[in-house]
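*Asks:* CSV, C-alpha atoms, saved as start14.csv, coming up:
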chain,number,residue,atom,x,y,z
A,1185,MET,CA,86.9,80.6,102.0
A,1186,LEU,CA,87.3,77.2,103.5
A,1187,PRO,CA,86.0,76.3,107.0
A,1188,PRO,CA,88.6,76.5,109.7
A,1189,ASN,CA,88.6,72.8,110.4
A,1190,SER,CA,89.0,71.8,106.7
A,1191,PRO,CA,92.1,69.8,105.7
A,1192,PRO,CA,94.4,71.1,102.9
A,1193,LEU,CA,93.0,70.5,99.5
A,1194,ASP,CA,94.3,67.2,98.0
A,1195,ALA,CA,92.8,65.7,94.9
A,1196,THR,CA,94.1,62.2,96.1
A,1197,ALA,CA,92.7,62.4,99.6
A,1198,ALA,CA,89.9,60.0,100.6
A,1199,LEU,CA,86.3,61.3,100.8
A,1200,ARG,CA,85.7,61.7,104.6
A,1201,VAL,CA,82.2,60.4,105.3
A,1202,VAL,CA,80.0,60.3,108.4
A,1203,VAL,CA,77.0,57.9,108.8
A,1204,VAL,CA,74.1,59.1,110.9
A,1205,ASP,CA,71.2,56.7,111.5
A,1206,ASP,CA,69.4,55.6,114.7
A,1207,GLU,CA,68.8,52.1,113.2
A,1208,PRO,CA,71.7,49.7,113.8
A,1209,PRO,CA,71.1,47.6,110.7
A,1210,ALA,CA,71.1,50.7,108.5
A,1211,ARG,CA,74.3,52.0,110.1
A,1212,ARG,CA,76.0,48.7,109.6
A,1213,LYS,CA,75.0,48.4,106.0
A,1214,LEU,CA,76.2,51.9,105.1
A,1215,ALA,CA,79.4,51.5,107.0
A,1216,GLN,CA,80.2,48.2,105.3
A,1217,TRP,CA,79.5,49.4,101.8
A,1218,LEU,CA,81.5,52.6,102.4
A,1219,ALA,CA,84.5,50.7,103.9
A,1220,ALA,CA,84.7,48.6,100.8
A,1221,ASP,CA,85.5,51.8,98.7
A,1222,PRO,CA,89.2,52.7,98.9
A,1223,ALA,CA,88.4,56.3,97.9
A,1224,VAL,CA,86.3,56.7,101.1
A,1225,GLU,CA,87.3,57.1,104.8
A,1226,VAL,CA,84.5,56.5,107.3
A,1227,VAL,CA,85.2,59.1,110.0
A,1228,ALA,CA,82.4,58.2,112.3
A,1229,VAL,CA,79.2,56.1,112.6
A,1230,CYS,CA,76.6,58.0,114.7
A,1231,ALA,CA,73.5,56.7,116.3
A,1232,ASN,CA,71.8,60.1,116.8
A,1233,GLY,CA,72.0,63.8,116.0
A,1234,TYR,CA,74.0,64.8,119.0
A,1235,GLU,CA,76.8,62.4,118.1
A,1236,ALA,CA,76.7,63.8,114.6
A,1237,LEU,CA,77.0,67.4,115.8
A,1238,ASP,CA,80.0,66.4,118.1
A,1239,THR,CA,81.7,64.8,115.1
A,1240,LEU,CA,81.1,67.8,112.9
A,1241,ALA,CA,82.6,70.1,115.5
A,1242,ALA,CA,85.7,67.9,115.9
A,1243,GLU,CA,86.4,66.5,112.4
A,1244,PRO,CA,86.6,67.8,108.9
A,1245,VAL,CA,83.8,66.0,107.0
A,1246,ASP,CA,83.1,65.9,103.3
A,1247,LEU,CA,79.9,63.9,103.2
A,1248,LEU,CA,77.0,63.0,105.5
A,1249,PHE,CA,74.8,60.0,105.0
A,1250,LEU,CA,72.0,61.3,107.2
A,1251,ASP,CA,68.7,59.8,108.3
A,1252,VAL,CA,65.8,62.2,108.7
A,1253,GLN,CA,63.6,60.8,111.5
A,1254,MET,CA,65.6,60.3,114.6
A,1255,PRO,CA,64.8,60.7,118.3
A,1256,GLU,CA,65.3,64.3,119.7
A,1257,LEU,CA,67.2,65.7,116.8
A,1258,SER,CA,66.1,65.0,113.2
A,1259,GLY,CA,68.4,65.1,110.3
A,1260,PHE,CA,67.2,68.6,109.4
A,1261,ASP,CA,67.9,69.7,113.0
A,1262,VAL,CA,71.5,68.4,112.6
A,1263,LEU,CA,71.9,70.6,109.5
A,1264,ARG,CA,70.4,73.6,111.2
A,1265,GLN,CA,72.6,73.3,114.2
A,1266,ARG,CA,75.9,72.3,112.5
A,1267,PRO,CA,79.0,74.4,113.4
A,1268,ALA,CA,79.5,77.6,111.5
A,1269,GLY,CA,81.6,77.1,108.4
A,1270,CYS,CA,80.8,73.4,108.3
A,1271,HIS,CA,79.2,72.5,105.0
A,1272,PRO,CA,79.5,68.9,104.1
A,1273,LEU,CA,77.7,67.4,101.2
A,1274,VAL,CA,74.5,65.5,102.3
A,1275,ILE,CA,72.8,62.3,101.1
A,1276,PHE,CA,69.6,61.6,103.0
A,1277,ALA,CA,68.8,58.0,103.7
A,1278,THR,CA,65.3,57.5,105.0
A,1279,ALA,CA,62.2,55.3,104.8
A,1280,PHE,CA,59.9,58.3,104.1
A,1281,ASP,CA,59.6,59.9,100.6
A,1282,THR,CA,57.6,62.8,102.1
A,1283,TYR,CA,60.9,64.6,103.0
A,1284,ALA,CA,62.4,64.7,99.6
A,1285,LEU,CA,61.4,68.4,98.8
A,1286,GLU,CA,62.7,69.6,102.2
A,1287,ALA,CA,65.9,67.6,101.7
A,1288,PHE,CA,66.7,69.3,98.5
A,1289,ARG,CA,65.9,72.7,100.1
A,1290,HIS,CA,68.9,71.8,102.3
A,1291,HIS,CA,70.9,71.3,99.1
A,1292,ALA,CA,71.2,67.5,99.4
A,1293,VAL,CA,73.1,65.8,96.7
A,1294,GLY,CA,71.2,62.6,97.1
A,1295,TYR,CA,68.1,61.0,98.6
A,1296,LEU,CA,68.1,57.2,99.2
A,1297,LEU,CA,64.7,55.8,100.0
A,1298,LYS,CA,64.8,52.7,102.2
A,1299,PRO,CA,65.1,49.9,101.4
A,1300,TYR,CA,67.7,50.8,98.7
A,1301,ASP,CA,70.1,48.4,97.0
A,1302,ARG,CA,73.8,48.5,96.4
A,1303,ARG,CA,73.3,49.9,92.8
A,1304,ARG,CA,71.3,52.8,94.1
A,1305,PHE,CA,73.8,53.4,96.9
A,1306,ASN,CA,76.7,53.4,94.4
A,1307,GLU,CA,74.9,55.9,92.1
A,1308,ALA,CA,74.4,58.3,95.0
A,1309,LEU,CA,78.0,58.0,96.2
A,1310,ASP,CA,79.4,58.5,92.8
A,1311,HIS,CA,77.3,61.6,92.4
A,1312,ALA,CA,78.6,62.9,95.7
A,1313,LYS,CA,82.2,62.2,94.7
A,1314,ALA,CA,81.7,64.2,91.5
A,1315,GLN,CA,80.2,67.1,93.5
A,1316,HIS,CA,83.0,67.0,95.9
A,1317,ALA,CA,85.6,67.0,93.1
A,1318,GLY,CA,83.9,70.0,91.6
A,1319,ARG,CA,83.9,71.8,94.9
A,1320,GLN,CA,87.6,71.0,95.5
A,1321,ALA,CA,88.4,72.3,92.0
A,1322,HIS,CA,86.5,75.6,92.7
A,1323,GLU,CA,88.2,76.0,96.1
A,1324,ALA,CA,91.6,75.3,94.6
A,1325,GLU,CA,91.0,77.9,92.0
A,1326,HIS,CA,89.9,80.4,94.6
A,1327,ARG,CA,93.0,79.8,96.7
A,1328,LEU,CA,95.3,80.1,93.7
A,1329,THR,CA,93.6,83.4,92.8
A,1330,ALA,CA,94.0,84.7,96.3
A,1331,LEU,CA,97.6,83.6,96.4
A,1332,LEU,CA,98.4,85.4,93.1
A,1333,GLN,CA,96.7,88.5,94.3
A,1334,SER,CA,98.7,88.5,97.6
A,1335,VAL,CA,102.1,88.2,95.8
A,1336,GLN,CA,101.4,90.7,93.1
A,1337,PRO,CA,102.6,94.2,93.9
A,1338,PRO,CA,99.7,96.6,94.4
A,1339,ARG,CA,98.8,98.9,91.4
A,1340,TYR,CA,99.3,102.5,92.3
A,1341,LEU,CA,98.0,105.5,90.5
A,1342,GLU,CA,100.2,106.6,87.6
A,1343,HIS,CA,98.3,109.5,86.3
A,1344,PHE,CA,96.0,112.2,87.7
A,1345,ALA,CA,93.0,113.2,85.5
A,1346,VAL,CA,92.7,117.0,85.7
A,1347,ARG,CA,89.4,118.3,84.4
A,1348,HIS,CA,89.2,121.6,82.6
A,1349,ASP,CA,86.2,123.2,81.0
A,1350,ASP,CA,86.7,121.6,77.6
A,1351,ARG,CA,89.2,118.9,78.2
A,1352,ILE,CA,90.9,116.5,80.7
A,1353,ASP,CA,94.6,116.6,81.1
A,1354,LEU,CA,96.7,113.7,82.3
A,1355,VAL,CA,99.4,114.5,84.8
A,1356,ARG,CA,101.9,111.8,85.6
A,1357,THR,CA,102.3,111.3,89.4
A,1358,GLU,CA,106.1,111.4,89.0
A,1359,GLU,CA,105.8,115.0,87.8
A,1360,VAL,CA,104.0,116.1,91.0
A,1361,ASP,CA,106.3,117.7,93.7
A,1362,TRP,CA,103.8,117.8,96.5
A,1363,ILE,CA,100.1,117.6,97.2
A,1364,GLU,CA,98.0,119.8,99.4
A,1365,ALA,CA,94.5,119.5,100.8
A,1366,SER,CA,92.1,122.2,99.9
A,1367,GLY,CA,88.7,121.3,101.5
A,1368,ASN,CA,87.0,118.8,99.2
A,1369,TYR,CA,89.7,119.4,96.6
A,1370,VAL,CA,93.5,118.7,96.4
A,1371,THR,CA,96.1,120.8,94.7
A,1372,LEU,CA,98.8,119.1,92.8
A,1373,HIS,CA,102.0,121.2,92.8
A,1374,ALA,CA,104.1,120.3,89.7
A,1375,GLY,CA,106.9,122.8,89.2
A,1376,HIS,CA,105.3,126.2,88.5
A,1377,THR,CA,102.0,124.6,87.7
A,1378,ARG,CA,99.1,123.9,90.0
A,1379,HIS,CA,96.3,121.5,89.2
A,1380,LEU,CA,93.1,121.4,91.2
A,1381,ILE,CA,91.2,118.1,91.3
A,1382,ARG,CA,88.0,117.3,93.2
A,1383,ASP,CA,89.0,114.6,95.7
A,1384,THR,CA,90.1,114.3,99.3
A,1385,LEU,CA,93.7,113.9,100.5
A,1386,THR,CA,92.8,110.7,102.2
A,1387,ARG,CA,91.4,109.1,99.0
A,1388,VAL,CA,94.4,110.3,97.0
A,1389,SER,CA,96.8,109.0,99.6
A,1390,ALA,CA,95.2,105.5,99.4
A,1391,ARG,CA,95.9,105.4,95.7
A,1392,LEU,CA,99.5,106.4,95.8
A,1393,ASP,CA,102.6,104.4,96.8
A,1394,PRO,CA,103.1,105.4,100.5
A,1395,ARG,CA,106.9,105.0,100.1
A,1396,GLN,CA,106.9,107.4,97.2
A,1397,PHE,CA,104.4,109.9,98.5
A,1398,PRO,CA,104.5,109.9,102.3
A,1399,ARG,CA,102.2,112.1,104.2
A,1400,ILE,CA,104.1,114.8,106.2
A,1401,HIS,CA,101.2,116.7,107.5
A,1402,ARG,CA,97.4,116.0,107.8
A,1403,SER,CA,97.0,118.4,104.8
A,1404,ARG,CA,100.2,117.6,102.8
A,1405,MET,CA,102.0,114.8,101.0
A,1406,VAL,CA,105.4,115.0,99.3
A,1407,ASN,CA,107.1,113.2,96.4
A,1408,LEU,CA,110.3,111.9,98.0
A,1409,ASP,CA,112.2,112.3,94.7
A,1410,ARG,CA,111.8,116.1,95.2
A,1411,VAL,CA,113.1,116.2,98.8
A,1412,VAL,CA,116.7,117.4,99.3
A,1413,SER,CA,116.9,117.9,103.0
A,1414,LEU,CA,115.1,117.9,106.4
A,1415,LEU,CA,115.7,120.8,108.7
A,1416,PRO,CA,115.0,120.5,112.4
A,1417,ALA,CA,112.3,123.0,113.6
A,1418,SER,CA,110.9,123.8,117.1
A,1419,HIS,CA,109.3,121.3,119.4
A,1420,GLY,CA,110.5,118.2,117.4
A,1421,ASP,CA,109.0,119.3,114.1
A,1422,PHE,CA,110.9,119.4,110.8
A,1423,THR,CA,110.9,121.4,107.7
A,1424,VAL,CA,111.0,119.5,104.4
A,1425,VAL,CA,113.0,121.2,101.7
A,1426,LEU,CA,112.4,120.5,98.0
A,1427,ARG,CA,114.7,120.9,95.0
A,1428,ASP,CA,113.0,124.1,93.9
A,1429,GLY,CA,113.5,125.6,97.4
A,1430,THR,CA,109.9,125.0,98.6
A,1431,MET,CA,109.8,124.5,102.4
A,1432,LEU,CA,107.0,122.4,103.8
A,1433,PRO,CA,106.4,122.0,107.6
A,1434,MET,CA,106.3,118.4,108.8
A,1435,SER,CA,104.4,117.7,112.0
A,1436,ARG,CA,105.7,115.3,114.6
A,1437,THR,CA,102.6,113.1,114.0
A,1438,TYR,CA,104.1,112.0,110.6
A,1439,ARG,CA,107.8,112.1,111.6
A,1440,ASP,CA,108.0,108.5,112.6
A,1441,HIS,CA,106.3,107.4,109.4
A,1442,LEU,CA,108.8,109.3,107.3
A,1443,ARG,CA,111.6,107.8,109.3
A,1444,GLU,CA,110.4,104.3,108.5
A,1445,VAL,CA,110.1,105.1,104.8
A,1446,LEU,CA,113.7,106.6,104.7
A,1447,GLU,CA,115.1,104.0,107.0
A,1448,VAL,CA,117.1,106.5,108.9
A,1449,GLY,CA,116.9,108.1,112.3
A,1450,PHE,CA,116.3,111.8,113.0
Take the structure in the file and give it back as structure tokens.
*Replies:*
Amino acid sequence: MLPPNSPPLDATAALRVVVVDDEPPARRKLAQWLAADPAVEVVAVCANGYEALDTLAAEPVDLLFLDVQMPELSGFDVLRQRPAGCHPLVIFATAFDTYALEAFRHHAVGYLLKPYDRRRFNEALDHAKAQHAGRQAHEAEHRLTALLQSVQPPRYLEHFAVRHDDRIDLVRTEEVDWIEASGNYVTLHAGHTRHLIRDTLTRVSARLDPRQFPRIHRSRMVNLDRVVSLLPASHGDFTVVLRDGTMLPMSRTYRDHLREVLEVGF
């Protein structure tokens, strides 16, 4: 899932970069080289870790050029304190080679050792661009998968597997008239036949289409295709009458739900 302050995915969007360095010449050099690249947008140039944290909290950022040794907050402190959900790529730019191992423990995509030249800078930036493109592709695929899952209709149970001593019978859900809770079991009523399966009514209910098998009582569900009428009973309750004459009490607790399913008032 993308951070809340991330912009919409766009393969043509510029790489949003923040420079963080306490040395003015280093900041100017990085900012100038980055500004010369049309595929890059310099979001901010920060002189310390606090400015960097403020920027990360306010702006979507794709890449940090981050110094390590800075007053008060080091580059590692910035990463440890960055806002939740904020995970920009990081290229460390520092005069000290002793931090390289720690930098890559923070999943840095580059480590520029000062003084570095334009060629080394370009190599690090190109690598970061490739990493960013791969991340965007992965996130786009994730979003597409989530979208497809959201628009696809849910898959409901089509068969019950009823276990007997020497076999397992498959009973189509459309053949079931109503379902009754029996402790840790449920009884499937299908015509004159009853099938006992080891399951709870709550679990079974979650696997069936609620518009086809609404619950009418805490211990009963009914196949709407089998219902022929609803008879008022006492205290606002109803009796559900099935095609075969079976009469099932419906409690007031589930009356409103059935009204919504049927889209009628009663």
*Asks:* Could you state the separation of CA of Lys1213 in chain A and CA of Leu1199 in chain A in Å, given to one decimal place?
*Replies:*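 Pair CA of Lys1213 in chain A / CA of Leu1199 in chain A returns 17.9 Å.
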*Asks:* So that I can check the surroundings of Gly1375 in chain A, please list as a list in words every protein, DNA and RNA residue that reaches within 9 Å of it, counting only C-alpha atoms and ignoring chain neighbours fewer than 4 positions away.
*Replies:*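 Near neighbours after the sequence-gap exclusion: Glu1359, Val1360, Asp1361 and Asp1428 of chain A.
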*Asks:* Would you put the residues from that selection into a file with C-alpha atoms, as a PDB file, keeping the file's coordinate frame?
*Replies:*
ATOM      1  CA  GLU A1359     105.800 115.000  87.800  1.00  0.00           C
ATOM      2  CA  VAL A1360     104.000 116.100  91.000  1.00  0.00           C
ATOM      3  CA  ASP A1361     106.300 117.700  93.700  1.00  0.00           C
ATOM      4  CA  ASP A1428     113.000 124.100  93.900  1.00  0.00           C
TER       5      ASP A1428
END
*Asks:* Counting only C-alpha atoms, what is within 7 Å of range 1237-1249 of chain A, bar same-chain residues fewer than 4 positions away, as a list in words?
*Replies:*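 Using only C-alpha atoms, the neighbours found are Asn1189, Ser1190, Pro1191, Leu1199, Arg1200, Val1201, Val1202, Val1203, Val1204, Gly1233, Val1262, Arg1266, Pro1267, Pro1272, Leu1273, Val1274, Ile1275, Phe1276 and Ala1277 of chain A.
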*Asks:* Any idea what's packed within 12 Å of Asp1301 in chain A, counting all atoms listed in the file, ignoring anything in its chain fewer than 6 positions away? Could you give it as a list in words?
*Replies:*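 My list of contacting residues is Ala1210, Lys1213, Leu1214, Trp1217, Ala1277, Glu1307 and Ala1308 of chain A.
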*Asks:* Can you tell me how far CA of Phe1260 in chain A sits from CA of Leu1297 in chain A, in Å to one decimal?
*Replies:*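 Between CA of Phe1260 in chain A and CA of Leu1297 in chain A the gap works out to 16.1 Å.
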*Asks:* What does the structure give for the distance between CA of Glu1286 in chain A and CA of Arg1319 in chain A, in Å to one decimal?
*Replies:* 22.5 Å
*Asks:* Hey, which of A:His1322, A:His1373, A:His1441, A:His1316 ends up closest to Ala1198 in chain A? Count all atoms listed in the file.
*Replies:*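 Comparing A:His1322, A:His1373, A:His1441, A:His1316 against Ala1198 in chain A, the winner is A:His1316.
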*Asks:* Write out as a PyMOL selection string the residues lying within 10 Å of Ser1413 in chain A, counting only C-alpha atoms and excluding same-chain residues fewer than 2 positions away.
*Replies:* chain A and resi 1410-1411+1415-1416+1422-1427+1431
*Asks:* Taking 6 positions as the minimum chain separation for residues in the same chain, which residues sit within 12 Å of Ala1197 in chain A when counting all atoms listed in the file? Answer as number ranges by chain.
*Replies:* A: 1191, 1222-1225, 1246, 1313, 1316-1317, 1320
